[in-house]
file target_9.cif (mmCIF, C-alpha atoms)
data_protein
#
loop_
_atom_site.label_atom_id
_atom_site.label_comp_id
_atom_site.auth_asym_id
_atom_site.auth_seq_id
_atom_site.Cartn_x
_atom_site.Cartn_y
_atom_site.Cartn_z
CA MET V 234 -31.48 9.96 -14.09
CA ASP V 235 -32.31 6.26 -14.03
CA LEU V 236 -31.67 4.61 -10.65
CA LYS V 237 -30.84 1.17 -12.08
CA THR V 238 -28.34 2.66 -14.53
CA LEU V 239 -26.69 4.69 -11.78
CA ARG V 240 -26.47 1.60 -9.58
CA LYS V 241 -24.84 -0.37 -12.41
CA GLU V 242 -22.37 2.40 -13.22
CA THR V 243 -21.35 3.36 -9.66
CA LYS V 244 -21.96 0.13 -7.66
CA LEU V 245 -23.05 2.41 -4.81
CA PRO V 246 -25.99 1.55 -2.49
CA LEU V 247 -29.46 2.35 -3.82
CA SER V 248 -30.38 4.35 -0.70
CA LEU V 249 -27.34 6.59 -1.28
CA LEU V 250 -28.21 7.13 -4.93
CA LYS V 251 -31.83 7.92 -4.06
CA LYS V 252 -30.63 10.52 -1.56
CA ALA V 253 -28.31 12.07 -4.18
CA ILE V 254 -31.20 12.36 -6.65
CA GLU V 255 -33.34 13.90 -3.92
CA LEU V 256 -30.64 16.46 -3.04
CA ALA V 257 -30.30 17.33 -6.72
CA ASP V 258 -34.08 17.83 -7.10
CA GLY V 259 -33.86 15.46 -10.04
CA LYS V 260 -31.63 17.88 -11.99
CA GLU V 261 -28.71 16.26 -13.78
CA GLU V 262 -26.52 19.38 -13.58
CA LYS V 263 -26.69 19.21 -9.78
CA PHE V 264 -26.26 15.47 -9.46
CA GLU V 265 -22.45 15.30 -9.24
CA THR V 266 -22.32 17.75 -6.33
CA SER V 267 -25.28 16.04 -4.67
CA LEU V 268 -23.67 12.62 -5.04
CA ILE V 269 -20.55 13.84 -3.22
CA GLU V 270 -22.70 15.19 -0.39
CA ALA V 271 -24.80 12.00 -0.18
CA THR V 272 -21.65 9.87 -0.17
CA LYS V 273 -20.20 11.94 2.65
CA ARG V 274 -23.34 11.53 4.74
CA TYR V 275 -23.60 7.79 4.08
CA ALA V 276 -19.92 7.21 4.96
CA LEU V 277 -20.39 8.92 8.33
CA GLY V 278 -22.33 5.88 9.49
CA PHE V 279 -19.14 3.80 9.34
CA LYS V 280 -16.52 6.30 10.51
CA ASN V 281 -16.46 5.15 14.16
CA ASN V 282 -15.94 1.48 13.28
CA VAL V 283 -12.52 0.11 14.23
CA THR V 284 -10.11 -0.57 11.35
CA ARG V 285 -7.20 -2.97 11.92
CA PHE V 286 -6.36 -4.91 8.75
CA LYS V 287 -3.68 -3.34 6.56
CA THR V 288 -3.59 -3.36 2.78
CA PHE V 289 -0.59 -1.87 0.97
CA GLY V 290 -0.26 -0.19 -2.39
CA TYR V 291 2.72 1.32 -4.16
CA PHE V 292 3.92 3.37 -7.07
CA VAL V 293 7.42 3.56 -8.54
CA SER V 294 8.54 6.41 -10.76
CA GLU V 295 9.26 5.80 -14.44
CA ASP V 296 13.02 5.90 -13.86
CA LYS V 297 12.55 3.51 -10.88
CA THR V 298 14.59 5.64 -8.46
CA LYS V 299 11.69 6.99 -6.37
CA GLY V 300 8.46 5.57 -5.05
CA VAL V 301 5.59 5.77 -2.60
CA VAL V 302 4.05 3.06 -0.41
CA VAL V 303 0.62 3.62 1.16
CA SER V 304 -1.22 1.57 3.77
CA LEU V 305 -5.00 1.51 4.17
CA LEU V 306 -6.79 -0.02 7.16
CA SER V 307 -10.12 -1.82 6.93
CA GLU V 308 -12.59 -3.57 9.23
CA THR V 309 -12.37 -6.90 7.41
CA ARG V 310 -9.96 -8.82 5.21
CA SER V 311 -12.48 -10.29 2.80
CA HIS V 312 -11.42 -11.03 -0.77
CA VAL V 313 -13.55 -8.17 -2.12
CA THR V 314 -12.10 -5.71 0.41
CA LEU V 315 -8.52 -6.73 -0.37
CA GLU V 316 -9.14 -6.56 -4.11
CA VAL V 317 -10.69 -3.09 -3.96
CA LEU V 318 -8.20 -1.63 -1.47
CA SER V 319 -5.06 -3.00 -3.14
CA HIS V 320 -6.13 -1.33 -6.39
CA PHE V 321 -7.18 1.90 -4.64
CA ALA V 322 -3.94 2.02 -2.61
CA ASN V 323 -1.90 1.76 -5.83
CA VAL V 324 -3.89 4.61 -7.40
CA LEU V 325 -3.54 6.67 -4.23
CA ALA V 326 0.23 6.05 -4.11
CA GLN V 327 0.56 7.36 -7.67
CA ASN V 328 -1.55 10.43 -6.86
CA ILE V 329 0.62 11.16 -3.82
CA HIS V 330 3.75 10.78 -5.94
CA ASP V 331 2.23 13.19 -8.47
CA GLY V 332 1.60 15.80 -5.76
CA ILE V 333 -1.98 15.34 -4.55
CA CYS V 334 -2.75 17.24 -1.34
CA VAL V 335 -3.61 14.36 0.97
CA ASP V 336 -5.13 16.53 3.71
CA GLU V 337 -7.59 18.14 1.29
CA ASP V 338 -8.50 15.28 -1.06
CA ILE V 339 -8.19 11.97 0.81
CA ASP V 340 -11.46 12.14 2.79
CA GLU V 341 -13.60 12.52 -0.31
CA MET V 342 -11.76 9.65 -2.02
CA LEU V 343 -12.11 7.40 1.04
CA ASP V 344 -15.82 8.19 1.40
CA GLY V 345 -16.49 6.61 -1.99
CA VAL V 346 -14.58 3.45 -1.06
CA ILE V 347 -16.35 3.23 2.33
CA CYS V 348 -19.76 3.47 0.67
CA TYR V 349 -18.84 0.92 -1.99
CA LEU V 350 -17.52 -1.65 0.53
CA GLY V 351 -19.98 -0.92 3.33
CA GLU V 352 -17.23 -0.78 5.95
CA ASN V 353 -14.87 1.79 7.40
CA VAL V 354 -11.54 2.42 5.65
CA THR V 355 -8.85 4.73 7.03
CA LEU V 356 -5.52 6.00 5.77
CA GLY V 357 -2.50 4.45 7.47
CA ASP V 358 1.13 5.40 6.93
CA ILE V 359 2.63 6.95 3.81
CA TYR V 360 6.23 6.02 3.00
CA ARG V 361 8.23 8.00 0.45
CA LEU V 362 10.98 5.87 -1.04
CA VAL V 363 13.60 8.45 -1.90
CA ASP V 364 17.37 8.26 -1.54
CA GLU V 365 19.07 11.26 -3.12
CA ASP V 366 22.53 9.95 -2.18
CA ASN V 367 22.00 6.59 -3.83
CA PRO V 368 20.16 6.68 -7.18
CA SER V 369 19.68 2.90 -7.24
CA ILE V 370 16.80 0.98 -8.82
CA LEU V 371 13.66 0.15 -6.82
CA ALA V 372 12.10 -3.28 -7.22
CA VAL V 373 8.88 -4.39 -5.53
CA GLN V 374 7.38 -7.78 -4.77
CA GLU V 375 3.72 -7.78 -3.74
CA TYR V 376 2.15 -10.45 -1.55
CA TYR V 377 -1.44 -11.58 -2.15
CA LEU V 378 -3.59 -8.54 -2.92
CA GLY V 379 -1.43 -6.04 -1.09
CA GLN V 380 -1.27 -7.78 2.29
CA GLY V 381 2.47 -7.20 2.23
CA LEU V 382 5.23 -5.67 0.14
CA LEU V 383 8.95 -6.29 -0.19
CA VAL V 384 10.88 -3.31 -1.55
CA ALA V 385 14.59 -3.51 -2.36
CA ARG V 386 17.15 -1.27 -4.07
CA PHE V 387 19.58 -2.70 -6.61
CA ASP V 388 22.49 -1.20 -8.51
CA ILE V 389 21.24 -2.23 -11.96
CA GLU V 390 17.92 -2.68 -13.73
CA ASP V 391 17.53 -6.29 -14.81
CA GLU V 392 14.00 -7.61 -14.27
CA THR V 393 14.93 -11.30 -14.43
CA LYS V 394 17.77 -10.94 -11.93
CA THR V 395 15.91 -8.60 -9.58
CA LYS V 396 12.89 -10.94 -9.44
CA SER V 397 15.20 -13.81 -8.58
CA LEU V 398 16.87 -11.77 -5.85
CA LEU V 399 13.51 -10.66 -4.43
CA ASN V 400 12.51 -14.30 -4.04
CA LYS V 401 15.79 -15.10 -2.28
CA ILE V 402 15.35 -12.10 0.02
CA SER V 403 11.82 -13.27 0.88
CA ASN V 404 13.23 -16.59 2.01
CA THR V 405 16.34 -15.24 3.74
CA TYR V 406 14.96 -12.29 5.72
CA PRO V 407 12.84 -14.34 8.22
CA LEU V 408 15.88 -16.42 9.27
CA PHE V 409 17.34 -13.49 11.20
CA PHE V 410 14.38 -13.02 13.54
CA LYS V 411 15.67 -15.85 15.76
CA ASN V 412 19.19 -14.43 15.90
CA TYR V 413 17.95 -10.96 16.83
CA GLU V 414 16.63 -11.83 20.31
CA GLN V 415 19.94 -13.44 21.31
CA GLU V 416 22.10 -10.58 20.02
CA LYS V 417 19.79 -8.00 21.61
CA LYS V 418 19.89 -9.85 24.94
CA TYR V 419 23.69 -9.88 25.10
CA GLY V 420 24.12 -6.35 23.76
CA ILE V 421 25.68 -7.46 20.49
CA THR V 422 23.26 -5.28 18.53
CA LYS V 423 21.42 -2.08 19.37
CA SER V 424 19.51 -1.96 16.10
CA SER V 425 15.74 -2.29 15.80
CA LEU V 426 14.43 -5.66 14.64
CA ASP V 427 13.70 -4.33 11.16
CA GLU V 428 17.12 -2.67 10.81
CA TYR V 429 18.90 -5.78 12.06
CA CYS V 430 17.07 -8.20 9.75
CA SER V 431 17.46 -5.91 6.73
CA GLN V 432 21.20 -5.39 7.25
CA ARG V 433 21.91 -9.08 7.83
CA THR V 434 19.88 -10.02 4.77
CA ILE V 435 21.72 -7.49 2.62
CA GLU V 436 25.06 -8.85 3.82
CA LYS V 437 24.12 -12.46 3.19
CA ILE V 438 22.54 -11.83 -0.22
CA ASN V 439 25.48 -9.73 -1.44
CA ARG V 440 27.98 -12.28 -0.16
CA ALA V 441 26.27 -15.48 -1.23
CA TYR V 442 24.28 -14.68 -4.35
CA THR V 443 25.25 -11.55 -6.23
CA LYS V 444 28.97 -12.16 -6.77
CA GLY V 445 29.45 -8.87 -8.54
CA PHE V 446 26.53 -8.97 -10.98
CA LEU V 447 24.06 -7.25 -8.66
CA THR V 448 24.25 -5.43 -5.33
CA VAL V 449 21.43 -5.01 -2.80
CA TYR V 450 21.53 -1.57 -1.13
CA ASP V 451 18.37 -1.46 0.93
CA ILE V 452 15.47 -3.70 1.96
CA LYS V 453 12.09 -2.78 3.44
CA PHE V 454 9.24 -5.09 4.36
CA PHE V 455 5.70 -3.80 4.77
CA GLY V 456 3.04 -5.85 6.53
CA ILE V 457 5.07 -9.04 6.79
#
call {"tool": "encode", "arguments": {"input": "target_9.cif", "output": "structure tokens"}}
result
Amino acid sequence: MDLKTLRKETKLPLSLLKKAIELADGKEEKFETSLIEATKRYALGFKNNVTRFKTFGYFVSEDKTKGVVVSLLSETRSHVTLEVLSHFANVLAQNIHDGICVDEDIDEMLDGVICYLGENVTLGDIYRLVDEDNPSILAVQEYYLGQGLLVARFDIEDETKTKSLLNKISNTYPLFFKNYEQEKKYGITKSSLDEYCSQRTIEKINRAYTKGFLTVYDIKFFGI
């Protein structure tokens, strides 16, 4: 087992790799198990650090009717952290959709990411995008390296039209934040901010833009 080769292949810290080789007594057949143990020990040094920056990932089923959104929290929001976590969150979302047991498997997966980045990373919320009563099409718009997601349901699958509608929704949704405080104050609405803005956006988009060629059923914003 060559240390430089392992470092190049895994991108893990040299001290961690040295420890894994030591635990394996230099035997290749033991190295995989030893690497998991060494990674776990190394990650423990970061586990008490506060995580507060969210990165989102998603997966949508092949028929585009179901999906999963996952949030991961990190200590920093550096470009490298965002790049790594947005990719990892997408992979994790697909694994969750495919039936991974989060309680059993997530810690080991996170340990590797923590060691690679050199900062604490924790699992945030998991959202399952399922609507059995409305088999509409899911479309997703991602904001810079998973810092936010816009998810909407449409009645037809047309990539050109759905992309156009997602852009319009992105611009329309924020307009209702100002109206919400006034309507809440005078008891006009009892909805949450998110519910209010989503419903008003759906109404406006369907009325002003779709004109029968496309209907928006549901809107969710993550991290925006």
call {"tool": "residues_around", "arguments": {"input": "target_9.cif", "residues": "Lys297 (chain V)", "least_positions_apart": "5", "cutoff": "12 Å", "atoms": "all atoms listed in the file", "output": "list of chain:residue names"}}
result
V:Phe292, V:Leu362, V:Val363, V:Asp364, V:Pro368, V:Ser369, V:Ile370, V:Leu371, V:Ala372, V:Val373, V:Val384, V:Ala385, V:Arg386, V:Phe387, V:Asp388, V:Ile389, V:Glu390, V:Asp391, V:Glu392
call {"tool": "residues_around", "arguments": {"input": "target_9.cif", "residues": "Phe454 (chain V)", "least_positions_apart": "4", "cutoff": "9 Å", "atoms": "all atoms listed in the file", "output": "list in words"}}
result
Gly381, Leu382, Leu383, Val384, Ala385, Asp427 and Ser431 of chain V
call {"tool": "residues_around", "arguments": {"input": "target_9.cif", "residues": "Phe279 (chain V)", "least_positions_apart": "3", "cutoff": "8 Å", "atoms": "all atoms listed in the file", "output": "list in words"}}
result
Tyr275, Ala276, Asn282, Ile347, Gly351, Glu352 and Asn353 of chain V
call {"tool": "resolve_selection", "arguments": {"input": "target_9.cif", "expression": "the PyMOL selection byres ((chain V and resi 399) around 10)", "output": "PyMOL selection string"}}
result
chain V and resi 372-374+383-385+394-398+400-405+449+452
call {"tool": "axis_aligned_box", "arguments": {"input": "target_9.cif", "around": "region 242-255 of chain V", "padding_each_side": "6 Å", "output": "AutoDock Vina command-line options"}}
result
--center_x -27.3 --center_y 7.0 --center_z -7.0 --size_x 24.0 --size_y 25.8 --size_z 24.5
call {"tool": "closest_residue", "arguments": {"input": "target_9.cif", "among": "V:Pro246, V:Gly300, V:Gly332, V:Gly278", "to": "Leu350 (chain V)", "atoms": "all atoms listed in the file"}}
result
V:Pro246
call {"tool": "resolve_selection", "arguments": {"input": "target_9.cif", "expression": "the PyMOL selection byres ((chain V and resi 313) around 12)", "output": "ChimeraX atom specification"}}
result
/V:307,309-312,314-320,346,349-352,378
call {"tool": "atom_distance", "arguments": {"input": "target_9.cif", "atom1": "CA of Lys237 (chain V)", "atom2": "CA of Ile254 (chain V)"}}
result
12.4 Å
call {"tool": "closest_residue", "arguments": {"input": "target_9.cif", "among": "V:Thr434, V:Gln327, V:Ser425, V:Gln380", "to": "Ser304 (chain V)", "atoms": "all atoms listed in the file"}}
result
V:Gln380
call {"tool": "resolve_selection", "arguments": {"input": "target_9.cif", "expression": "the PyMOL selection byres ((chain V and resi 325) around 10)", "output": "VMD selection string"}}
result
chain V and resid 290 to 292 301 to 305 318 to 324 326 to 331 333 335 339 342
call {"tool": "atom_distance", "arguments": {"input": "target_9.cif", "atom1": "CA of Glu428 (chain V)", "atom2": "CA of Gln415 (chain V)"}}
result
15.3 Å
